[in-house]
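K.L.:
I'm passing along target04.cif; it holds mmCIF, C-alpha atoms.
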data_data
#
loop_
_atom_site.group_PDB
_atom_site.id
_atom_site.type_symbol
_atom_site.label_atom_id
_atom_site.label_comp_id
_atom_site.auth_asym_id
_atom_site.auth_seq_id
_atom_site.Cartn_x
_atom_site.Cartn_y
_atom_site.Cartn_z
ATOM 1 C CA MET A 1 124.196 -137.670 -27.143
ATOM 2 C CA ARG A 2 121.053 -135.494 -27.432
ATOM 3 C CA ARG A 3 119.751 -137.598 -30.334
ATOM 4 C CA ILE A 4 120.270 -140.813 -28.406
ATOM 5 C CA ALA A 5 118.359 -139.440 -25.395
ATOM 6 C CA ILE A 6 115.488 -138.238 -27.595
ATOM 7 C CA CYS A 7 115.165 -141.646 -29.274
ATOM 8 C CA VAL A 8 115.132 -143.472 -25.927
ATOM 9 C CA VAL A 9 112.487 -141.147 -24.451
ATOM 10 C CA ALA A 10 110.347 -141.315 -27.609
ATOM 11 C CA LEU A 11 110.379 -145.115 -27.663
ATOM 12 C CA PHE A 12 109.544 -145.228 -23.968
ATOM 13 C CA LEU A 13 106.540 -142.907 -24.464
ATOM 14 C CA LEU A 14 105.261 -145.048 -27.328
ATOM 15 C CA LEU A 15 105.338 -148.121 -25.102
ATOM 16 C CA LEU A 16 103.706 -146.569 -22.046
ATOM 17 C CA PRO A 17 100.101 -147.409 -23.072
ATOM 18 C CA THR A 18 100.937 -151.128 -22.735
ATOM 19 C CA SER A 19 101.634 -150.714 -19.015
ATOM 20 C CA ALA A 20 98.104 -151.934 -18.246
ATOM 21 C CA GLN A 21 99.430 -155.444 -18.929
ATOM 22 C CA GLY A 22 101.856 -155.202 -16.010
ATOM 23 C CA GLN A 23 104.066 -152.917 -13.991
ATOM 24 C CA VAL A 24 106.524 -150.429 -15.441
ATOM 25 C CA THR A 25 109.782 -150.637 -13.478
ATOM 26 C CA PHE A 26 112.484 -147.989 -13.136
ATOM 27 C CA THR A 27 115.895 -149.184 -11.955
ATOM 28 C CA VAL A 28 119.062 -147.298 -10.981
ATOM 29 C CA THR A 29 122.166 -149.502 -11.005
ATOM 30 C CA GLY A 30 125.922 -149.241 -10.681
ATOM 31 C CA GLY A 31 128.916 -151.544 -10.462
ATOM 32 C CA PRO A 32 132.352 -152.536 -11.752
ATOM 33 C CA ASN A 33 133.246 -153.212 -15.369
ATOM 34 C CA ILE A 34 135.451 -156.075 -16.508
ATOM 35 C CA ALA A 35 136.531 -154.498 -19.778
ATOM 36 C CA THR A 36 139.146 -154.909 -22.482
ATOM 37 C CA TRP A 37 139.903 -154.159 -26.116
ATOM 38 C CA VAL A 38 140.511 -157.301 -28.171
ATOM 39 C CA TRP A 39 142.881 -157.258 -31.149
ATOM 40 C CA PRO A 40 141.402 -159.929 -33.445
ATOM 41 C CA GLU A 41 144.170 -159.515 -36.062
ATOM 42 C CA ARG A 42 147.000 -160.434 -33.670
ATOM 43 C CA ALA A 43 146.688 -163.276 -31.185
ATOM 44 C CA ASP A 44 149.708 -161.989 -29.241
ATOM 45 C CA ARG A 45 147.960 -158.641 -28.627
ATOM 46 C CA ARG A 46 144.934 -160.038 -26.837
ATOM 47 C CA GLU A 47 144.957 -158.272 -23.491
ATOM 48 C CA SER A 48 143.831 -159.742 -20.178
ATOM 49 C CA TRP A 49 140.577 -158.889 -18.432
ATOM 50 C CA SER A 50 140.784 -156.148 -15.837
ATOM 51 C CA TRP A 51 138.591 -155.022 -12.954
ATOM 52 C CA HIS A 52 139.344 -151.363 -13.595
ATOM 53 C CA GLY A 53 136.446 -149.143 -14.651
ATOM 54 C CA GLY A 54 132.799 -148.929 -13.686
ATOM 55 C CA ALA A 55 129.295 -148.223 -14.904
ATOM 56 C CA LEU A 56 126.247 -146.280 -13.764
ATOM 57 C CA GLY A 57 122.856 -146.504 -15.440
ATOM 58 C CA LEU A 58 119.093 -145.998 -15.443
ATOM 59 C CA ALA A 59 116.686 -148.521 -16.994
ATOM 60 C CA ALA A 60 112.947 -148.508 -17.668
ATOM 61 C CA GLY A 61 111.279 -151.911 -18.001
ATOM 62 C CA VAL A 62 107.963 -151.947 -19.889
ATOM 63 C CA PRO A 63 105.726 -155.057 -20.226
ATOM 64 C CA ILE A 64 104.567 -155.825 -23.771
ATOM 65 C CA VAL A 65 102.646 -159.077 -23.834
ATOM 66 C CA GLY A 66 102.544 -162.027 -21.467
ATOM 67 C CA ASN A 67 105.988 -162.574 -19.922
ATOM 68 C CA TRP A 68 107.732 -160.450 -22.561
ATOM 69 C CA GLY A 69 108.738 -156.833 -22.280
ATOM 70 C CA VAL A 70 111.404 -154.335 -23.295
ATOM 71 C CA GLN A 71 114.055 -152.664 -21.159
ATOM 72 C CA LEU A 72 115.335 -149.245 -22.216
ATOM 73 C CA GLY A 73 118.631 -148.241 -20.635
ATOM 74 C CA ILE A 74 120.986 -145.286 -20.630
ATOM 75 C CA GLY A 75 124.114 -144.644 -18.581
ATOM 76 C CA LEU A 76 127.886 -144.279 -18.424
ATOM 77 C CA SER A 77 130.296 -147.156 -19.056
ATOM 78 C CA GLN A 78 134.096 -147.171 -18.871
ATOM 79 C CA LYS A 79 135.755 -149.249 -21.587
ATOM 80 C CA GLY A 80 139.372 -149.920 -22.349
ATOM 81 C CA TRP A 81 142.199 -152.383 -22.124
ATOM 82 C CA HIS A 82 144.963 -153.412 -19.774
ATOM 83 C CA GLY A 83 148.305 -155.023 -20.506
ATOM 84 C CA GLU A 84 151.471 -156.174 -18.798
ATOM 85 C CA GLY A 85 154.917 -156.559 -20.273
ATOM 86 C CA THR A 86 158.562 -155.489 -20.170
ATOM 87 C CA CYS A 87 159.656 -151.874 -20.455
ATOM 88 C CA ALA A 88 163.149 -150.498 -20.980
ATOM 89 C CA ALA A 89 164.945 -147.427 -19.637
ATOM 90 C CA GLY A 90 168.450 -147.105 -20.959
ATOM 91 C CA TRP A 91 170.173 -150.442 -20.439
ATOM 92 C CA GLU A 92 167.692 -151.625 -17.791
ATOM 93 C CA THR A 93 164.463 -153.565 -18.317
ATOM 94 C CA PHE A 94 161.632 -153.922 -15.830
ATOM 95 C CA ALA A 95 158.080 -155.238 -15.591
ATOM 96 C CA CYS A 96 155.417 -152.641 -16.281
ATOM 97 C CA GLU A 97 151.706 -152.219 -16.902
ATOM 98 C CA TRP A 98 149.792 -149.951 -19.243
ATOM 99 C CA GLY A 99 146.197 -149.335 -20.203
ATOM 100 C CA LYS A 100 143.544 -146.880 -21.282
ATOM 101 C CA TRP A 101 140.035 -146.270 -19.963
ATOM 102 C CA ILE A 102 137.491 -144.129 -21.811
ATOM 103 C CA THR A 103 133.983 -143.243 -20.649
ATOM 104 C CA TYR A 104 131.102 -143.890 -23.041
ATOM 105 C CA ALA A 105 127.496 -142.729 -22.729
ATOM 106 C CA GLU A 106 125.742 -145.982 -23.594
ATOM 107 C CA SER A 107 122.122 -146.780 -24.458
ATOM 108 C CA THR A 108 120.471 -150.201 -24.829
ATOM 109 C CA VAL A 109 117.146 -151.532 -26.101
ATOM 110 C CA LEU A 110 116.828 -155.046 -24.675
ATOM 111 C CA ALA A 111 114.158 -157.703 -25.072
ATOM 112 C CA ASP A 112 113.086 -158.750 -21.574
ATOM 113 C CA ARG A 113 111.898 -162.300 -20.872
ATOM 114 C CA ARG A 114 110.405 -162.270 -17.385
ATOM 115 C CA VAL A 115 110.343 -165.398 -15.253
ATOM 116 C CA GLN A 116 108.368 -165.164 -12.006
ATOM 117 C CA LEU A 117 110.237 -167.362 -9.530
ATOM 118 C CA SER A 118 108.038 -166.566 -6.512
ATOM 119 C CA ASN A 119 105.925 -163.776 -5.064
ATOM 120 C CA ARG A 120 109.098 -161.870 -4.182
ATOM 121 C CA PHE A 121 111.608 -162.846 -6.872
ATOM 122 C CA ARG A 122 111.540 -162.212 -10.615
ATOM 123 C CA LEU A 123 114.257 -163.134 -13.129
ATOM 124 C CA HIS A 124 114.860 -161.061 -16.274
ATOM 125 C CA LEU A 125 116.684 -162.546 -19.292
ATOM 126 C CA LEU A 126 117.923 -159.668 -21.476
ATOM 127 C CA ALA A 127 119.272 -159.364 -25.027
ATOM 128 C CA GLY A 128 119.447 -156.637 -27.680
ATOM 129 C CA PRO A 129 121.509 -153.887 -29.338
ATOM 130 C CA ALA A 130 123.780 -151.382 -27.559
ATOM 131 C CA LEU A 131 125.092 -148.024 -28.750
ATOM 132 C CA GLY A 132 127.926 -146.061 -27.111
ATOM 133 C CA TYR A 133 128.983 -142.430 -27.570
ATOM 134 C CA GLN A 134 132.404 -141.398 -26.312
ATOM 135 C CA TRP A 135 132.011 -138.936 -23.445
ATOM 136 C CA ASP A 136 135.416 -137.287 -23.959
ATOM 137 C CA PRO A 137 136.322 -137.730 -27.654
ATOM 138 C CA GLN A 138 139.960 -138.588 -28.345
ATOM 139 C CA PRO A 139 140.080 -139.501 -32.063
ATOM 140 C CA GLN A 140 143.702 -140.576 -31.849
ATOM 141 C CA VAL A 141 142.798 -143.111 -29.155
ATOM 142 C CA ALA A 142 139.303 -144.431 -29.869
ATOM 143 C CA ALA A 143 136.300 -143.939 -32.114
ATOM 144 C CA ARG A 144 133.526 -141.564 -31.092
ATOM 145 C CA PHE A 145 130.821 -144.246 -31.533
ATOM 146 C CA ASP A 146 130.732 -147.888 -30.473
ATOM 147 C CA PHE A 147 127.928 -150.339 -31.163
ATOM 148 C CA GLY A 148 127.311 -154.010 -30.547
ATOM 149 C CA ILE A 149 125.022 -156.548 -28.942
ATOM 150 C CA ALA A 150 124.315 -157.041 -25.248
ATOM 151 C CA GLY A 151 122.963 -159.902 -23.178
ATOM 152 C CA GLY A 152 122.601 -160.761 -19.526
ATOM 153 C CA ALA A 153 120.335 -161.499 -16.604
ATOM 154 C CA ARG A 154 118.856 -159.584 -13.696
ATOM 155 C CA LEU A 155 117.190 -160.758 -10.495
ATOM 156 C CA ASP A 156 114.678 -158.472 -8.770
ATOM 157 C CA THR A 157 113.336 -158.925 -5.283
ATOM 158 C CA ARG A 158 110.618 -156.829 -3.659
ATOM 159 C CA ILE A 159 111.550 -155.018 -0.439
ATOM 160 C CA ARG A 160 108.406 -153.083 0.369
ATOM 161 C CA GLY A 161 105.561 -151.841 -1.783
ATOM 162 C CA GLY A 162 106.932 -150.915 -5.200
ATOM 163 C CA LEU A 163 110.531 -150.674 -3.945
ATOM 164 C CA GLY A 164 112.899 -153.510 -4.770
ATOM 165 C CA LEU A 165 116.519 -154.629 -4.983
ATOM 166 C CA SER A 166 118.129 -155.572 -8.300
ATOM 167 C CA VAL A 167 121.316 -157.574 -8.972
ATOM 168 C CA GLY A 168 122.643 -158.896 -12.269
ATOM 169 C CA ALA A 169 125.218 -158.848 -15.020
ATOM 170 C CA LEU A 170 125.277 -157.538 -18.598
ATOM 171 C CA TYR A 171 127.827 -158.445 -21.275
ATOM 172 C CA THR A 172 128.358 -156.076 -24.216
ATOM 173 C CA HIS A 173 130.091 -157.448 -27.313
ATOM 174 C CA GLY A 174 131.354 -154.586 -29.479
ATOM 175 C CA LEU A 175 131.154 -154.999 -33.255
ATOM 176 C CA LYS A 176 132.942 -151.808 -34.300
ATOM 177 C CA ASN A 177 136.679 -151.125 -34.489
ATOM 178 C CA VAL A 178 137.048 -148.530 -31.756
ATOM 179 C CA HIS A 179 140.806 -148.341 -31.299
ATOM 180 C CA SER A 180 143.815 -148.466 -33.609
ATOM 181 C CA MET A 181 147.519 -149.096 -33.008
ATOM 182 C CA ASP A 182 150.433 -148.137 -35.256
ATOM 183 C CA VAL A 183 153.125 -150.820 -35.029
ATOM 184 C CA ILE A 184 156.303 -149.006 -36.101
ATOM 185 C CA GLU A 185 158.462 -152.103 -36.189
ATOM 186 C CA GLU A 186 156.106 -153.607 -38.770
ATOM 187 C CA TRP A 187 156.311 -150.709 -41.250
ATOM 188 C CA LYS A 188 153.495 -148.704 -39.680
ATOM 189 C CA LYS A 189 150.909 -151.411 -40.071
ATOM 190 C CA TRP A 190 147.633 -150.591 -38.306
ATOM 191 C CA TYR A 191 145.812 -153.016 -36.050
ATOM 192 C CA TYR A 192 142.268 -152.458 -34.852
ATOM 193 C CA SER A 193 140.435 -153.591 -31.741
ATOM 194 C CA LYS A 194 136.875 -154.155 -30.549
ATOM 195 C CA SER A 195 135.477 -153.664 -27.039
ATOM 196 C CA ARG A 196 134.331 -156.418 -24.695
ATOM 197 C CA THR A 197 132.648 -155.413 -21.436
ATOM 198 C CA LEU A 198 131.051 -157.365 -18.597
ATOM 199 C CA THR A 199 129.251 -155.180 -16.061
ATOM 200 C CA LEU A 200 128.189 -156.427 -12.626
ATOM 201 C CA ARG A 201 125.181 -154.354 -11.591
ATOM 202 C CA THR A 202 123.457 -153.717 -8.267
ATOM 203 C CA GLY A 203 120.769 -151.159 -7.619
ATOM 204 C CA LEU A 204 117.270 -150.173 -6.539
ATOM 205 C CA SER A 205 114.094 -150.555 -8.555
ATOM 206 C CA TYR A 206 110.645 -149.024 -8.252
ATOM 207 C CA ALA A 207 107.521 -150.449 -9.891
ATOM 208 C CA ILE A 208 104.460 -148.424 -10.832
ATOM 209 C CA GLY A 209 101.141 -149.401 -12.337
#
Can the structure in the file be given as structure tokens, please?
P.N.:
Amino acid sequence: MRRIAICVVALFLLLLPTSAQGQVTFTVTGGPNIATWVWPERADRRESWSWHGGALGLAAGVPIVGNWGVQLGIGLSQKGWHGEGTCAAGWETFACEWGKWITYAESTVLADRRVQLSNRFRLHLLAGPALGYQWDPQPQVAARFDFGIAGGARLDTRIRGGLGLSVGALYTHGLKNVHSMDVIEEWKKWYYSKSRTLTLRTGLSYAIG
């Protein structure tokens, strides 16, 4: 976690001299996660999306050249999966639900294509890599690290001075096997899953420069 924070801060400091080309924007956001773990090796184990979980983050947007910039983000994101099925107790069966939610400290480095819609509204199209570090390691449940690619959009509107309102969504597509399942009835065969997370984000931004 310390190494991730140091890398993010170092990259941000290297980019600060380019702020003369535009405004550096700091944004605090939060919102719900639609998250799941997908089992690509078994179609019957693909779990449904769930509204459980949430995310909280801080992002720094730095202009680079023209309408292009970079957005550095760090925050907390809950990932996991949710399923429904039939459980048994003795001779009785009943409908039941199960799931697991794990908090990751997640950092992103996203290319930022800025589109000025009007004097008050600006659209950001975002894409780039994402790295997650499990906040409460549980090796028997999920991997300590998760990495993947992220993409989304954000709409900023100015309220007063440098203060603004930000709304948007970010989808993170995990590339690493972060969870494993031992299927006893299939001679202890292991199946692995990858994370998929859509975060709906709302927050406040402040522009300087």
K.L.:
Taking the file as shown, find all residues satisfying the PyMOL selection byres ((chain A and resi 126) around 9) and write them as an MDAnalysis selection string.
P.N.:
chainID A and resid 70:71 110:114 124:125 127:128 150:154 170
K.L.:
Name the residues that the PyMOL selection byres ((chain A and resi 145-149) around 7) picks from the file above, as a tab-separated table (two decimals) with C-alpha atoms, keeping the file's coordinate frame, using the file's chain letters and numbers.
P.N.:
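Result file is selection_16.tsv:
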chain	number	residue	atom	x	y	z
A	128	GLY	CA	119.45	-156.64	-27.68
A	129	PRO	CA	121.51	-153.89	-29.34
A	130	ALA	CA	123.78	-151.38	-27.56
A	131	LEU	CA	125.09	-148.02	-28.75
A	132	GLY	CA	127.93	-146.06	-27.11
A	133	TYR	CA	128.98	-142.43	-27.57
A	134	GLN	CA	132.40	-141.40	-26.31
A	143	ALA	CA	136.30	-143.94	-32.11
A	144	ARG	CA	133.53	-141.56	-31.09
A	150	ALA	CA	124.32	-157.04	-25.25
A	151	GLY	CA	122.96	-159.90	-23.18
A	172	THR	CA	128.36	-156.08	-24.22
A	173	HIS	CA	130.09	-157.45	-27.31
A	174	GLY	CA	131.35	-154.59	-29.48
A	175	LEU	CA	131.15	-155.00	-33.26
A	176	LYS	CA	132.94	-151.81	-34.30
A	178	VAL	CA	137.05	-148.53	-31.76
K.L.:
Using only C-alpha atoms, which residues sit within 6 Å of segment 33-35 of chain A once same-chain residues fewer than 2 positions away are excluded, as a list of chain:residue names?
P.N.:
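Listed by chain and then number, they are A:Ser50, A:Trp51, A:Gly53, A:Gly54, A:Lys79, A:Gly80, A:Arg196, A:Thr197, A:Leu198, A:Thr199.
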K.L.:
Generate a file of the selected residues that holds C-alpha atoms, formatted as a compact mmCIF listing (two decimals), in the coordinates of the input.
P.N.:
# COMPACT_ATOMS: atom_id res chain seq x y z
CA SER A 50 140.78 -156.15 -15.84
CA TRP A 51 138.59 -155.02 -12.95
CA GLY A 53 136.45 -149.14 -14.65
CA GLY A 54 132.80 -148.93 -13.69
CA LYS A 79 135.76 -149.25 -21.59
CA GLY A 80 139.37 -149.92 -22.35
CA ARG A 196 134.33 -156.42 -24.70
CA THR A 197 132.65 -155.41 -21.44
CA LEU A 198 131.05 -157.36 -18.60
CA THR A 199 129.25 -155.18 -16.06
K.L.:
Could you please determine the separation between atom CA of Val24 of chain A and atom CA of Ala169 of chain A in Å, to one decimal place?
P.N.:
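Here the two named atoms are 20.5 Å from each other.
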K.L.:
Using all atoms listed in the file, which of the listed residues (A:Ala95, A:Ala89, A:Ala105, A:Leu123) sits closest to Leu58 of chain A?
P.N.:
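Among the listed residues, A:Ala105 lies closest to Leu58 of chain A.
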K.L.:
Measure the distance from atom CA of Ser77 of chain A to atom CA of Gly61 of chain A in Å and round it to one decimal.
P.N.:
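Separating atom CA of Ser77 of chain A from atom CA of Gly61 of chain A is a distance of 19.6 Å.
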K.L.:
Calculate how many Å separate atom CA of Tyr104 of chain A from atom CA of Gly30 of chain A, rounding to one decimal.
P.N.:
14.4 Å
K.L.:
Counting all atoms listed in the file, which residue out of A:Thr157, A:Thr108, A:Thr93, A:Thr29 sits closest to Phe121 of chain A?
P.N.:
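Of A:Thr157, A:Thr108, A:Thr93, A:Thr29, the one nearest Phe121 of chain A is A:Thr157, counting all atoms listed in the file.
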K.L.:
A:Gln116, A:Cys87, A:Ile102, A:Val38: which is nearest Trp68 of chain A, counting only C-alpha atoms?
P.N.:
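Closest to Trp68 of chain A of all the choices is A:Gln116.
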K.L.:
Which residue gives the smallest distance to Pro32 of chain A among A:Ala88, A:Leu76, A:Ile64, A:Leu163, with only C-alpha atoms counted?
P.N.:
A:Leu76
K.L.:
Under the rule that only C-alpha atoms are counted, which of A:Val65, A:Leu56, A:Leu155, A:Gly203 is the nearest residue to Ser107 of chain A?
P.N.:
A:Leu56
K.L.:
When distances are computed from only C-alpha atoms, which of A:Leu72, A:Trp135, A:Asn177, A:Ala60 shows the smallest separation from Lys194 of chain A?
P.N.:
A:Asn177
K.L.:
Output as lines of an AutoDock Vina configuration file the centre and edge lengths (Å, one decimal) of the box along x, y and z of the file that holds every listed atom of segment 145-160 of chain A after adding 6 Å on each side.
P.N.:
center_x = 119.6
center_y = -152.9
center_z = -15.6
size_x = 34.4
size_y = 29.3
size_z = 43.9
K.L.:
Up to 9 Å from (118.0, -155.4, -9.4) in the file's coordinates: name the residues, counting all atoms listed in the file, as a PyMOL selection string.
P.N.:
chain A and resi 27-29+154-157+164-168+201-205
